[in-house]
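Undergrad: This structure is in structure tokens; I'll ask about it shortly.
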Amino acid sequence: MNKKTLTLTIEQYHDIIDTMRSGFSGCRPNKYMATALVVEANMGLRISDILKLKLSDIIKDGDRYRLNIKEQKNNKERFFTVLTEAYQHLKIYCLENNIHADERIFKFTERGVQNKLKKVCDYLEYEGISTHSFRKFFATQIYIENDYNIALVQKLLQHSTVAVTQRYIGIQPKQIENALKKHNYWK
């Protein structure tokens with residue numbers, strides 16, 4: 001049976017990252033994998049693209065940073081702004097771990113991240129969560145924090161249609177929700 005990957009709540013996001021960083025009986029802490037998931041949740045990249053990421057992929061462009069990558073899944077070029085805070089976070093991570101700018105930032109496999117995440121989620125008793133839940137978390141939070149702008153999320157995720165994005169995040173447009181609330185004749 002193929003279970004649908006769930007979107008994380010904010011609480012689940014924090015619980016998973018904190019537990020992965022601190023570890024628990026039978027599972028060592030892993031700040032490296034936790035950092036990769038934080039990057040996914042904050043940049044909306046797929047884990048496969050994060051694991052190929054090099055600091056040199058993030059380029060200073062005037063007063064901002066930008067990332068130009070070719071997505072592994074669909075071979076599409078993706079250009080987007082990287083927040084200064086995100087770049088600084090990754091730069092410090094690389095310095096602390098003696099990773100050169102032209103080396104891969106994360107030196108583990110997608111399967112390794114999935115296995116560690118499964119152990120953490122089993123410990124926390126969370127079901128239906130995979131690395132992709134962090135990309136869905138990104139999409140859902142962007143949607144909510146930007147007045148339910150589904151077209152914005154579509155563009156960020158590079159989906160072909162708004163309908164694909166709606167199915168992806170599993171949220172109906174805010175206008176539909178508001179229309180249903182206004183249409184209340186149960187009295």
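Within each chain, counting starts at residue 1; across the structure tokens, chains are named A, B, ... in the order shown, with ligands numbered 1 upward in that order.
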Out of range 1-152 of chain A, which residues get strand (DSSP E) from DSSP, as a ChimeraX atom specification?
TA: /A:58-61,64-70,77-82
Undergrad: Excluding Glu125 in chain A and any residue of its chain fewer than 4 positions from it, enumerate the residues within 12 Å of it, using only C-alpha atoms, and give them as JSON, numbers by chain.
TA: {"A": [12, 15, 16, 117, 118, 119, 120, 121, 129]}
Undergrad: Which neighbours of range 94-102 of chain A fall inside 12 Å, counting only C-alpha atoms, when residues of the same chain fewer than 4 positions from it are skipped, and could you give them as an MDAnalysis selection string?
TA: chainID A and resid 31:32 35 52:59 87:90 106:107
Undergrad: Would you output that residue set with C-alpha atoms, as an mmCIF file, in the first residue's frame?
TA:
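Heads up, here's the output in result33.cif:
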```cif
data_model
loop_
_atom_site.group_PDB
_atom_site.id
_atom_site.type_symbol
_atom_site.label_atom_id
_atom_site.label_comp_id
_atom_site.auth_asym_id
_atom_site.auth_seq_id
_atom_site.Cartn_x
_atom_site.Cartn_y
_atom_site.Cartn_z
ATOM 1 C CA LYS A 31 23.133 17.485 13.334
ATOM 2 C CA TYR A 32 24.207 17.022 9.698
ATOM 3 C CA THR A 35 20.610 20.612 8.866
ATOM 4 C CA LYS A 52 24.075 17.721 -4.450
ATOM 5 C CA LEU A 53 24.318 21.306 -3.153
ATOM 6 C CA LYS A 54 27.684 23.072 -2.903
ATOM 7 C CA LEU A 55 28.257 26.432 -1.247
ATOM 8 C CA SER A 56 29.688 27.632 -4.575
ATOM 9 C CA ASP A 57 26.224 27.032 -6.124
ATOM 10 C CA ILE A 58 25.005 30.068 -4.172
ATOM 11 C CA ILE A 59 26.228 33.163 -5.987
ATOM 12 C CA TYR A 87 23.624 31.598 3.012
ATOM 13 C CA GLN A 88 25.329 32.599 6.259
ATOM 14 C CA HIS A 89 23.913 29.529 8.034
ATOM 15 C CA LEU A 90 25.297 27.241 5.320
ATOM 16 C CA PHE A 106 26.046 17.043 2.751
ATOM 17 C CA LYS A 107 27.943 13.791 2.369
#
```
Undergrad: What are the closest atom pairs, with distances in Å to one decimal, for each residue of range 14-83 of chain A lying within 12 Å of range 140-162 of chain A, using only C-alpha atoms, rows by chain and rising residue number, as a tab-separated table?
TA:
```
residue	atom	partner	partner_atom	distance
A:Ala41	CA	A:Gln141	CA	9.4
A:Asn42	CA	A:Gln141	CA	9.6
A:Met43	CA	A:Leu156	CA	9.3
A:Gly44	CA	A:Leu157	CA	7.2
A:Leu45	CA	A:Leu157	CA	8.1
A:Arg46	CA	A:Leu157	CA	9.7
A:Lys70	CA	A:Gln158	CA	11.9
A:Glu71	CA	A:Gln158	CA	10.1
A:Lys73	CA	A:Gln158	CA	11.6
A:Asn74	CA	A:Gln158	CA	9.9
A:Asn75	CA	A:Gln158	CA	11.4
A:Lys76	CA	A:Gln158	CA	8.5
A:Glu77	CA	A:Gln158	CA	9.6
A:Arg78	CA	A:Gln158	CA	8.1
A:Phe79	CA	A:Leu156	CA	9.6
A:Phe80	CA	A:Leu156	CA	8.3
A:Thr81	CA	A:Leu156	CA	10.6
```
Undergrad: Tell me which of A:Cys27, A:Val38, A:Ala163, A:Leu8 sits closest to Asn115 in chain A, counting only C-alpha atoms.
TA: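 Of A:Cys27, A:Val38, A:Ala163, A:Leu8, the one nearest Asn115 in chain A, counting only C-alpha atoms, is A:Cys27.
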Undergrad: Of the candidates A:Asn178, A:Ser130, A:Ser48, A:Thr9, which shows the shortest atom-to-atom distance to Glu110 in chain A, using only C-alpha atoms?
TA: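 Closest candidate: A:Ser48.
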Undergrad: Provide the CA of Lys91 in chain A to CA of Met33 in chain A distance in Å, to one decimal place.
TA: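 Computing it gives 16.1 Å between the two atoms.
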Undergrad: With distances taken over only C-alpha atoms, which of A:Leu67, A:Leu6, A:Ala34, A:Leu180 is nearest to Arg135 in chain A?
TA: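 Using only C-alpha atoms, Arg135 in chain A sits closest to A:Leu6.
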Undergrad: May I ask for the distance between CA of Gly128 in chain A and CA of Ile105 in chain A, given in Å to one decimal place?
TA: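 Atom-to-atom, CA of Gly128 in chain A and CA of Ile105 in chain A are spaced 27.4 Å apart.
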Undergrad: Taking into account only C-alpha atoms, which residue in the set A:Ile17, A:Ala36, A:Ile92, A:Leu83 is nearest to Tyr65 in chain A?
TA: A:Leu83
Undergrad: Once DSSP has gone over the backbone, tell me which residues of range 2-187 of chain A are in alpha helix (DSSP H), as number ranges by chain.
TA: A: 10-22, 31-43, 47-50, 84-96, 110-124, 132-145, 150-157, 162-169, 174-182
Undergrad: How many Å lie between CA of Ile169 in chain A and CA of Ser133 in chain A, rounded to one decimal?
TA: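 Taking CA of Ile169 in chain A as the start and CA of Ser133 in chain A as the end point, the length is 9.9 Å.
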Undergrad: With distances taken over only C-alpha atoms, which of A:Tyr123, A:Lys181, A:Val113, A:Lys136 is nearest to Ser25 in chain A?
TA: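 Going through A:Tyr123, A:Lys181, A:Val113, A:Lys136 one by one, the smallest distance to Ser25 in chain A is for A:Tyr123.
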